[in-house]
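Below is one structure, written out as structure tokens; comments come after it.
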Amino acid sequence: MRFMVLVKATEQSEAGVLPSAEMLAAMGKYNEELVQAGVLLAGEGLHPSSKGARVRFSGSDRTVLDGPFAETKELVAGFWLIEVKSLEEAIEWVRRCPSPHEGESEIEIRQVFEADDFGEEFTPEMREREERLREQTAAQRKE
Amino acid sequence: MAVSDTHRAVEAVWRIESARLIAGLARMVHDIGLAEELAQDALVAALEQWPESGIPDNPGAWLMSIAKRRAIDQFRRRDRFDRKLAELGRDAEARQEQAEPDLDAIEDDIGDDLLRLVFTACHPVLSTEARVALTLRLLGGLSTDEVARAFLVPESTVAQRIVRAKRTLAKKKVPFEVPRGAELARRLSSVLEVIYLIFNEGYSATTGDDWMRPALCEDALRLGRILAELAPWEPEVHGLVALMEIQASRSRARMDASGAPVLLLDQDRARWDQLLIRRGLAALDRAERLGAPGSYTVQAAIAACHARARTPEETDWQRIAGLYDLLGRLAPSPVVELNRAVAVSMAFGPAAALELVDALTAEPALERYHLLPSVRADLLSKLDRHAEAKAEFERAATLTRNERERALLLERAAASAPEPVSS
């Protein structure tokens, strides 16, 4: 299953303070670990909200709000998309992450929706199809 | 933290750390069976202690230090035993062979150990089933029960397979090393075969009452991605990863709402996973830049042609036909040839394709393969040779075991009937 791992913003990140060389190196090493373990699908860091905007919806009305936005701790400063077996595994990976900001900060883990939430609709027809596919793969392996 | 929460956390740590742990231990003790036992002992210790103490900051190092301590205990015990034997004047040699290993020589290069573990688990002295089971267990961190559920066999069968495999490796004195030179290519192809087999096992079951089977796709992809980092210089590793990423990108589109399979050209391309496609194309690019393409890279290149086409009409069939031609030369097989014929028909028309298919009708391997008459019938029908097409559709219908497909083939057979002569 996939998880979106969200690094929350801090006052400093919102002020555009760039991470120290030390922190960049630690993050680089951590990213490398994620790649080597085959779990990292994508990841990016985000500019402060002052470089962004919001579009507010109300019925058919659209209002554009320019950044920066006030609720710093709710803002996202970066993300990873990882593929792991369980929420616990995602948590274990995040526990290994170097502290993303100086001082206190938070990382949020959210599961990504996937279409193949299989289970209930397993019919006899599908079983049969599965068997057929198995035969096919077996036939292909034989030659 | 509740005990059950800790247990789930320990499982997660195990999944992350077990392969590295076993690989590191195997290098020290020169025996992957023993290495796995030691790692398991450490896991048991974690299950006992972590609910009380909490999860340590560096769980991998914690597990390793416990496992090493167990290893030292074992070797000391064995040493004492051997000394006893020697005193009795029986087996002085055994003592020499089982000198205590240098457990402090931990090398940083855990990557090399992992690669050694991959090659050992996929060693050709083992049967294919044993290689698959051992790989999932030692590298994928799956339990015996999980492997059994994924392959629809009893747990005892898998357990036995693993025990026997470890015994074979020990008996044949398979060294814990990365092969070199000409040997490397042969051994690598065994590794890639195991990973792709695991992937296909999952891919042929995108639905099921047990999530373990489809999850095999993810396990195989993860193993492939890990291998690509361990052996980045090997083009075929990236070729296989590319092939798996692109195939996996279609998993959401491969079935309609009723669960019936949807053929590639009929799939809703909006449901293809663009992230996996991008990753697949990047891996393919890596493979192609490293050297002459091998068979996985060519298969990935074919898959990429479909992935790049926004609509079925945009498919570059000429390129696909050329790639099948190349694949046929790298890995000759009648099924590849049949696929080539289909691509040739799309690129150059049914007449050229029929020649290829006709040449395959004498192929014993395809004698009972329903897709051969089915493809041939389709070509004949395009060439307006309806009576022959009808006979071939009917033949294909007798060969397929799928009711839905049989019905479809018979429908086409009926539609191919020559126009009745009106009096």
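In the structure tokens, each chain is lettered A, B, ... as it comes, each chain's residues begin at 1, and ligands are numbered from 1 in order of appearance.
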
Quick one: which chain B residues come within 9 Å of chain A, and what is the nearest atom pair for each with the distance in Å to one decimal, counting only C-alpha atoms, rows ordered by chain and ascending number, as a tab-separated table?
residue	atom	partner	partner_atom	distance
B:Asp5	CA	A:Glu88	CA	8.7
B:Arg8	CA	A:Glu88	CA	6.5
B:Ala9	CA	A:Glu88	CA	5.5
B:Val10	CA	A:Glu88	CA	8.8
B:Glu11	CA	A:Glu89	CA	8.1
B:Ala12	CA	A:Glu89	CA	4.5
B:Val13	CA	A:Glu92	CA	6.6
B:Arg15	CA	A:Glu89	CA	7.7
B:Ile16	CA	A:Glu89	CA	7.6
B:Asp57	CA	A:Arg96	CA	8.3
B:Asn58	CA	A:Arg96	CA	8.2
B:Gly111	CA	A:Gln36	CA	8.9
B:Asn200	CA	A:Thr137	CA	7.7
B:Glu201	CA	A:Arg134	CA	7.9
B:Ser204	CA	A:Leu133	CA	5.8
B:Ala205	CA	A:Glu130	CA	6.0
B:Thr206	CA	A:Asp116	CA	8.1
B:Thr207	CA	A:Phe118	CA	6.0
B:Gly208	CA	A:Phe122	CA	6.3
B:Asp209	CA	A:Gly119	CA	5.3
B:Asp210	CA	A:Gly119	CA	7.5
B:Trp211	CA	A:Phe118	CA	7.5
B:Ala215	CA	A:Lys85	CA	8.6
B:Glu218	CA	A:Glu83	CA	8.2
B:Leu221	CA	A:Gly38	CA	7.8
B:Arg222	CA	A:Gly38	CA	4.8
B:Leu223	CA	A:Gly38	CA	7.0
B:Gly224	CA	A:Gly38	CA	7.8
B:Arg225	CA	A:Gly38	CA	4.9
B:Ile226	CA	A:Gly38	CA	5.0
B:Leu227	CA	A:Gln36	CA	8.3
B:Ala228	CA	A:Gln36	CA	8.4
B:Glu229	CA	A:Gln36	CA	5.7
B:Leu230	CA	A:Gln36	CA	7.6
B:Ser251	CA	A:Asp116	CA	8.3
B:Arg252	CA	A:Ala115	CA	6.5
B:Ser258	CA	A:Glu121	CA	8.5
B:Gly259	CA	A:Met126	CA	6.2
B:Ala260	CA	A:Met126	CA	7.1
B:Pro261	CA	A:Arg129	CA	8.0
B:Leu275	CA	A:Leu41	CA	8.0
B:Leu276	CA	A:Leu41	CA	8.3
B:Arg279	CA	A:Leu41	CA	8.2
B:Ser333	CA	A:Glu143	CA	6.5
B:Pro334	CA	A:Glu143	CA	7.7
B:Val335	CA	A:Gln140	CA	7.1
B:Ala365	CA	A:Glu143	CA	6.8
B:Tyr369	CA	A:Ala139	CA	8.2
B:Thr400	CA	A:Arg132	CA	8.6
B:Arg401	CA	A:Arg132	CA	6.9
B:Asn402	CA	A:Arg132	CA	6.6
B:Glu403	CA	A:Glu128	CA	8.8
B:Arg404	CA	A:Glu125	CA	8.9

Skip range 165-173 of chain B itself and residues of its chain fewer than 6 positions away, then list as an mmCIF file with N, CA, C and O atoms, in the first residue's frame all residues within 10 Å of it, counting only C-alpha atoms.
data_model
loop_
_atom_site.group_PDB
_atom_site.id
_atom_site.type_symbol
_atom_site.label_atom_id
_atom_site.label_comp_id
_atom_site.auth_asym_id
_atom_site.auth_seq_id
_atom_site.Cartn_x
_atom_site.Cartn_y
_atom_site.Cartn_z
ATOM 1 N N HIS B 30 29.021 -17.938 7.628
ATOM 2 C CA HIS B 30 29.116 -18.737 6.397
ATOM 3 C C HIS B 30 28.027 -19.794 6.269
ATOM 4 O O HIS B 30 28.292 -20.916 5.856
ATOM 5 N N ASP B 31 26.824 -19.473 6.702
ATOM 6 C CA ASP B 31 25.746 -20.457 6.641
ATOM 7 C C ASP B 31 24.433 -19.685 6.729
ATOM 8 O O ASP B 31 24.111 -19.119 7.780
ATOM 9 N N ILE B 32 23.670 -19.647 5.632
ATOM 10 C CA ILE B 32 22.470 -18.805 5.690
ATOM 11 C C ILE B 32 21.391 -19.421 6.579
ATOM 12 O O ILE B 32 20.573 -18.700 7.145
ATOM 13 N N GLY B 33 21.411 -20.746 6.729
ATOM 14 C CA GLY B 33 20.447 -21.381 7.628
ATOM 15 C C GLY B 33 20.672 -20.931 9.060
ATOM 16 O O GLY B 33 19.748 -20.481 9.737
ATOM 17 N N LEU B 34 21.931 -20.992 9.472
ATOM 18 C CA LEU B 34 22.285 -20.566 10.828
ATOM 19 C C LEU B 34 22.035 -19.059 10.982
ATOM 20 O O LEU B 34 21.516 -18.601 12.004
ATOM 21 N N THR B 120 22.838 -16.213 -3.369
ATOM 22 C CA THR B 120 22.795 -17.509 -2.700
ATOM 23 C C THR B 120 21.374 -18.064 -2.684
ATOM 24 O O THR B 120 21.144 -19.238 -2.977
ATOM 25 N N ALA B 121 20.406 -17.207 -2.372
ATOM 26 C CA ALA B 121 19.012 -17.658 -2.303
ATOM 27 C C ALA B 121 18.508 -18.113 -3.676
ATOM 28 O O ALA B 121 17.627 -18.947 -3.770
ATOM 29 N N HIS B 123 20.392 -19.560 -5.999
ATOM 30 C CA HIS B 123 21.426 -20.410 -6.596
ATOM 31 C C HIS B 123 20.803 -21.524 -7.445
ATOM 32 O O HIS B 123 19.841 -22.165 -7.026
ATOM 33 N N VAL B 125 21.571 -24.495 -7.896
ATOM 34 C CA VAL B 125 21.486 -25.863 -7.352
ATOM 35 C C VAL B 125 20.110 -26.115 -6.746
ATOM 36 O O VAL B 125 19.723 -27.249 -6.504
ATOM 37 N N LEU B 126 19.350 -25.034 -6.506
ATOM 38 C CA LEU B 126 18.034 -25.172 -5.892
ATOM 39 C C LEU B 126 16.957 -25.244 -6.965
ATOM 40 O O LEU B 126 17.103 -24.680 -8.046
ATOM 41 N N SER B 127 15.861 -25.905 -6.649
ATOM 42 C CA SER B 127 14.734 -25.941 -7.570
ATOM 43 C C SER B 127 14.132 -24.541 -7.640
ATOM 44 O O SER B 127 14.350 -23.712 -6.751
ATOM 45 N N GLU B 129 11.048 -23.606 -7.233
ATOM 46 C CA GLU B 129 10.156 -23.349 -6.094
ATOM 47 C C GLU B 129 10.956 -22.989 -4.851
ATOM 48 O O GLU B 129 10.566 -22.114 -4.086
ATOM 49 N N ALA B 130 12.080 -23.690 -4.653
ATOM 50 C CA ALA B 130 12.897 -23.433 -3.473
ATOM 51 C C ALA B 130 13.514 -22.039 -3.541
ATOM 52 O O ALA B 130 13.549 -21.314 -2.550
ATOM 53 N N ARG B 131 13.959 -21.656 -4.734
ATOM 54 C CA ARG B 131 14.542 -20.322 -4.899
ATOM 55 C C ARG B 131 13.525 -19.242 -4.581
ATOM 56 O O ARG B 131 13.817 -18.272 -3.895
ATOM 57 N N ALA B 133 10.769 -19.507 -2.723
ATOM 58 C CA ALA B 133 10.416 -19.502 -1.299
ATOM 59 C C ALA B 133 11.520 -18.864 -0.464
ATOM 60 O O ALA B 133 11.261 -18.022 0.403
ATOM 61 N N LEU B 134 12.753 -19.235 -0.763
ATOM 62 C CA LEU B 134 13.891 -18.733 0.010
ATOM 63 C C LEU B 134 14.054 -17.217 -0.196
ATOM 64 O O LEU B 134 14.338 -16.476 0.744
ATOM 65 N N ALA B 159 7.531 -24.804 4.337
ATOM 66 C CA ALA B 159 8.524 -24.963 5.405
ATOM 67 C C ALA B 159 9.550 -26.025 5.006
ATOM 68 O O ALA B 159 10.756 -25.827 5.153
#

Inset, instruction - Give the alpha helix (DSSP H) residues of range 96-305 of chain B, as DSSP finds them on the backbone, and put them as number ranges by chain. - result: B: 96-97, 110-121, 128-138, 144-150, 155-171, 181-203, 212-230, 235-249, 274-290, 295-305

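Non-sequential neighbours of Cys305 in chain B (distance at most 9 Å, separation of 6 or more positions within a chain, only C-alpha atoms) are Thr315, Asp316, Trp317, Arg319 and Ile320 of chain B.
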
Using only C-alpha atoms, which protein or nucleic acid residues come within 8 Å of range 64-73 of chain A? Drop anything in the same chain fewer than 4 positions from it, and give the result as a compact mmCIF listing (two decimals) with all heavy atoms, in the first residue's frame.
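Output file result.txt is given in full below:
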# COMPACT_ATOMS: atom_id res chain seq x y z
N LYS A 8 5.49 18.71 7.84
CA LYS A 8 4.79 19.96 8.13
C LYS A 8 5.77 21.13 8.16
O LYS A 8 6.96 20.96 8.44
CB LYS A 8 4.06 19.85 9.48
CG LYS A 8 2.94 18.82 9.48
CD LYS A 8 1.90 19.16 8.42
CE LYS A 8 0.69 18.24 8.49
NZ LYS A 8 -0.07 18.37 9.72
N ALA A 9 5.21 22.30 7.87
CA ALA A 9 6.03 23.51 7.85
C ALA A 9 6.34 24.00 9.25
O ALA A 9 5.69 23.60 10.22
CB ALA A 9 5.30 24.60 7.08
N THR A 10 7.35 24.82 9.36
CA THR A 10 7.65 25.51 10.62
C THR A 10 7.79 26.99 10.30
O THR A 10 7.81 27.38 9.12
CB THR A 10 8.98 25.03 11.24
OG1 THR A 10 10.03 25.33 10.31
CG2 THR A 10 8.95 23.54 11.52
N GLU A 11 7.91 27.80 11.34
CA GLU A 11 8.08 29.24 11.09
C GLU A 11 9.29 29.50 10.21
O GLU A 11 9.26 30.33 9.31
CB GLU A 11 8.21 30.00 12.41
CG GLU A 11 6.85 30.47 12.92
CD GLU A 11 6.90 30.94 14.36
OE1 GLU A 11 7.94 31.50 14.76
OE2 GLU A 11 5.90 30.72 15.06
N GLU A 14 8.68 28.44 6.63
CA GLU A 14 7.79 29.41 6.01
C GLU A 14 8.50 30.73 5.74
O GLU A 14 8.16 31.47 4.83
CB GLU A 14 6.56 29.65 6.91
CG GLU A 14 5.44 28.65 6.68
CD GLU A 14 4.84 28.75 5.30
OE1 GLU A 14 4.01 29.65 5.04
OE2 GLU A 14 5.26 27.94 4.44
N PRO A 48 8.06 27.93 0.52
CA PRO A 48 7.13 28.49 1.51
C PRO A 48 5.80 28.88 0.86
O PRO A 48 5.73 29.13 -0.35
CB PRO A 48 7.84 29.73 2.03
CG PRO A 48 9.25 29.64 1.58
CD PRO A 48 9.32 28.65 0.48
N SER A 49 4.76 28.97 1.67
CA SER A 49 3.43 29.27 1.14
C SER A 49 3.36 30.68 0.54
O SER A 49 2.44 30.99 -0.20
CB SER A 49 2.36 29.08 2.21
OG SER A 49 2.49 30.08 3.20
N SER A 50 4.33 31.52 0.88
CA SER A 50 4.33 32.89 0.29
C SER A 50 4.49 32.82 -1.23
O SER A 50 4.12 33.73 -1.94
CB SER A 50 5.47 33.72 0.90
OG SER A 50 6.71 33.07 0.67
N LYS A 51 5.02 31.70 -1.73
CA LYS A 51 5.16 31.55 -3.18
C LYS A 51 3.99 30.79 -3.78
O LYS A 51 4.02 30.43 -4.96
CB LYS A 51 6.46 30.80 -3.49
CG LYS A 51 7.70 31.59 -3.23
CD LYS A 51 8.87 30.97 -3.95
CE LYS A 51 10.13 31.79 -3.76
NZ LYS A 51 11.26 31.20 -4.47
N GLY A 52 2.98 30.51 -2.95
CA GLY A 52 1.84 29.74 -3.45
C GLY A 52 0.55 30.54 -3.40
O GLY A 52 0.57 31.76 -3.17
N ALA A 53 -0.53 29.89 -3.65
CA ALA A 53 -1.84 30.54 -3.64
C ALA A 53 -2.89 29.51 -3.26
O ALA A 53 -2.62 28.30 -3.25
CB ALA A 53 -2.15 31.14 -5.01
N ARG A 54 -4.08 30.00 -2.93
CA ARG A 54 -5.20 29.10 -2.68
C ARG A 54 -6.37 29.55 -3.53
O ARG A 54 -6.53 30.75 -3.78
CB ARG A 54 -5.62 29.19 -1.21
CG ARG A 54 -4.81 28.32 -0.32
CD ARG A 54 -5.25 28.44 1.11
NE ARG A 54 -4.38 27.58 1.94
CZ ARG A 54 -4.37 27.63 3.25
NH1 ARG A 54 -5.14 28.47 3.92
NH2 ARG A 54 -3.57 26.82 3.92
N VAL A 55 -7.14 28.59 -3.94
CA VAL A 55 -8.39 28.92 -4.63
C VAL A 55 -9.52 28.43 -3.75
O VAL A 55 -9.57 27.24 -3.40
CB VAL A 55 -8.46 28.25 -6.02
CG1 VAL A 55 -9.77 28.61 -6.71
CG2 VAL A 55 -7.27 28.67 -6.87
N ARG A 56 -10.36 29.36 -3.32
CA ARG A 56 -11.47 28.99 -2.43
C ARG A 56 -12.73 28.78 -3.25
O ARG A 56 -13.05 29.58 -4.12
CB ARG A 56 -11.65 30.08 -1.39
CG ARG A 56 -12.74 29.77 -0.39
CD ARG A 56 -12.65 30.66 0.82
NE ARG A 56 -11.51 30.29 1.67
CZ ARG A 56 -11.06 31.07 2.65
NH1 ARG A 56 -11.62 32.25 2.88
NH2 ARG A 56 -10.04 30.69 3.38

Legend entry - Pick from A:Pro19, A:Phe79, A:Val94, A:Arg62 nearest to Met4 in chain A, counting only C-alpha atoms: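 The closest residue to Met4 in chain A is A:Phe79.
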
Legend entry - Interatomic distance (Å, one decimal) between CA of Gln160 in chain B and CA of Cys122 in chain B: 16.9 Å

Inset, instruction - Enter the distance from CA of Ser249 in chain B to CA of Arg149 in chain B, in Å, rounded to one decimal. - result: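 Computing the Euclidean distance for CA of Ser249 in chain B and CA of Arg149 in chain B yields 24.3 Å.
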
Inset, instruction - Do a neighbour search on Ala347 in chain B at 12 Å with only C-alpha atoms, toss out local chain neighbours closer than 4 positions, and write the hits as number ranges by chain. - result: B: 313-322, 340-343, 351-353

Go ahead and dump the residues you just picked, N, CA and C atoms, as a PDB file, in the first residue's frame.
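Heads up, here's the output in part-v2.pdb:
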ATOM      1  N   GLU B 313      -4.744   3.848 -31.170  1.00  0.00           N
ATOM      2  CA  GLU B 313      -4.409   4.183 -32.569  1.00  0.00           C
ATOM      3  C   GLU B 313      -3.005   4.773 -32.683  1.00  0.00           C
ATOM      4  N   GLU B 314      -2.531   5.375 -31.607  1.00  0.00           N
ATOM      5  CA  GLU B 314      -1.194   5.993 -31.655  1.00  0.00           C
ATOM      6  C   GLU B 314      -0.071   4.982 -31.475  1.00  0.00           C
ATOM      7  N   THR B 315      -0.415   3.720 -31.235  1.00  0.00           N
ATOM      8  CA  THR B 315       0.613   2.715 -30.964  1.00  0.00           C
ATOM      9  C   THR B 315       1.562   2.571 -32.156  1.00  0.00           C
ATOM     10  N   ASP B 316       2.849   2.554 -31.856  1.00  0.00           N
ATOM     11  CA  ASP B 316       3.864   2.422 -32.904  1.00  0.00           C
ATOM     12  C   ASP B 316       4.084   0.925 -33.192  1.00  0.00           C
ATOM     13  N   TRP B 317       3.198   0.356 -34.021  1.00  0.00           N
ATOM     14  CA  TRP B 317       3.243  -1.090 -34.269  1.00  0.00           C
ATOM     15  C   TRP B 317       4.483  -1.512 -35.033  1.00  0.00           C
ATOM     16  N   GLN B 318       4.990  -0.634 -35.882  1.00  0.00           N
ATOM     17  CA  GLN B 318       6.205  -1.004 -36.631  1.00  0.00           C
ATOM     18  C   GLN B 318       7.361  -1.242 -35.670  1.00  0.00           C
ATOM     19  N   ARG B 319       7.448  -0.312 -34.686  1.00  0.00           N
ATOM     20  CA  ARG B 319       8.511  -0.456 -33.706  1.00  0.00           C
ATOM     21  C   ARG B 319       8.306  -1.738 -32.884  1.00  0.00           C
ATOM     22  N   ILE B 320       7.064  -1.983 -32.506  1.00  0.00           N
ATOM     23  CA  ILE B 320       6.784  -3.180 -31.713  1.00  0.00           C
ATOM     24  C   ILE B 320       7.136  -4.448 -32.507  1.00  0.00           C
ATOM     25  N   ALA B 321       6.770  -4.460 -33.807  1.00  0.00           N
ATOM     26  CA  ALA B 321       7.103  -5.617 -34.647  1.00  0.00           C
ATOM     27  C   ALA B 321       8.615  -5.817 -34.691  1.00  0.00           C
ATOM     28  N   GLY B 322       9.351  -4.722 -34.831  1.00  0.00           N
ATOM     29  CA  GLY B 322      10.816  -4.791 -34.855  1.00  0.00           C
ATOM     30  C   GLY B 322      11.373  -5.307 -33.533  1.00  0.00           C
ATOM     31  N   ARG B 340       4.739 -11.559 -32.386  1.00  0.00           N
ATOM     32  CA  ARG B 340       5.321 -10.786 -33.485  1.00  0.00           C
ATOM     33  C   ARG B 340       4.331 -10.737 -34.646  1.00  0.00           C
ATOM     34  N   ALA B 341       3.692 -11.875 -34.899  1.00  0.00           N
ATOM     35  CA  ALA B 341       2.730 -11.930 -36.001  1.00  0.00           C
ATOM     36  C   ALA B 341       1.594 -10.923 -35.787  1.00  0.00           C
ATOM     37  N   VAL B 342       1.121 -10.845 -34.549  1.00  0.00           N
ATOM     38  CA  VAL B 342       0.044  -9.894 -34.254  1.00  0.00           C
ATOM     39  C   VAL B 342       0.524  -8.464 -34.513  1.00  0.00           C
ATOM     40  N   ALA B 343       1.744  -8.151 -34.080  1.00  0.00           N
ATOM     41  CA  ALA B 343       2.279  -6.804 -34.297  1.00  0.00           C
ATOM     42  C   ALA B 343       2.464  -6.527 -35.785  1.00  0.00           C
ATOM     43  N   ALA B 351      -1.925 -10.091 -44.418  1.00  0.00           N
ATOM     44  CA  ALA B 351      -1.295 -11.069 -45.308  1.00  0.00           C
ATOM     45  C   ALA B 351       0.110 -11.423 -44.839  1.00  0.00           C
ATOM     46  N   ALA B 352       0.893 -10.385 -44.495  1.00  0.00           N
ATOM     47  CA  ALA B 352       2.260 -10.611 -44.026  1.00  0.00           C
ATOM     48  C   ALA B 352       2.243 -11.426 -42.739  1.00  0.00           C
ATOM     49  N   ALA B 353       1.259 -11.124 -41.869  1.00  0.00           N
ATOM     50  CA  ALA B 353       1.179 -11.802 -40.579  1.00  0.00           C
ATOM     51  C   ALA B 353       0.793 -13.269 -40.757  1.00  0.00           C
TER      52      ALA B 353
END

Inset, instruction - Name the residues in contact with Gln74 in chain B at a cut-off of 10 Å, using only C-alpha atoms, excluding same-chain residues fewer than 5 positions from it; report them as a list in words. - result: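 Those residues are Leu38, Lys68, Arg69, Asp79, Arg80 and Glu100 of chain B.
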
Inset, instruction - Quick one: pull the distance between CA of Ala67 in chain B and CA of Ser99 in chain A, Å, one decimal. - result: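 Taking CA of Ala67 in chain B and CA of Ser99 in chain A, their separation equals 29.2 Å.
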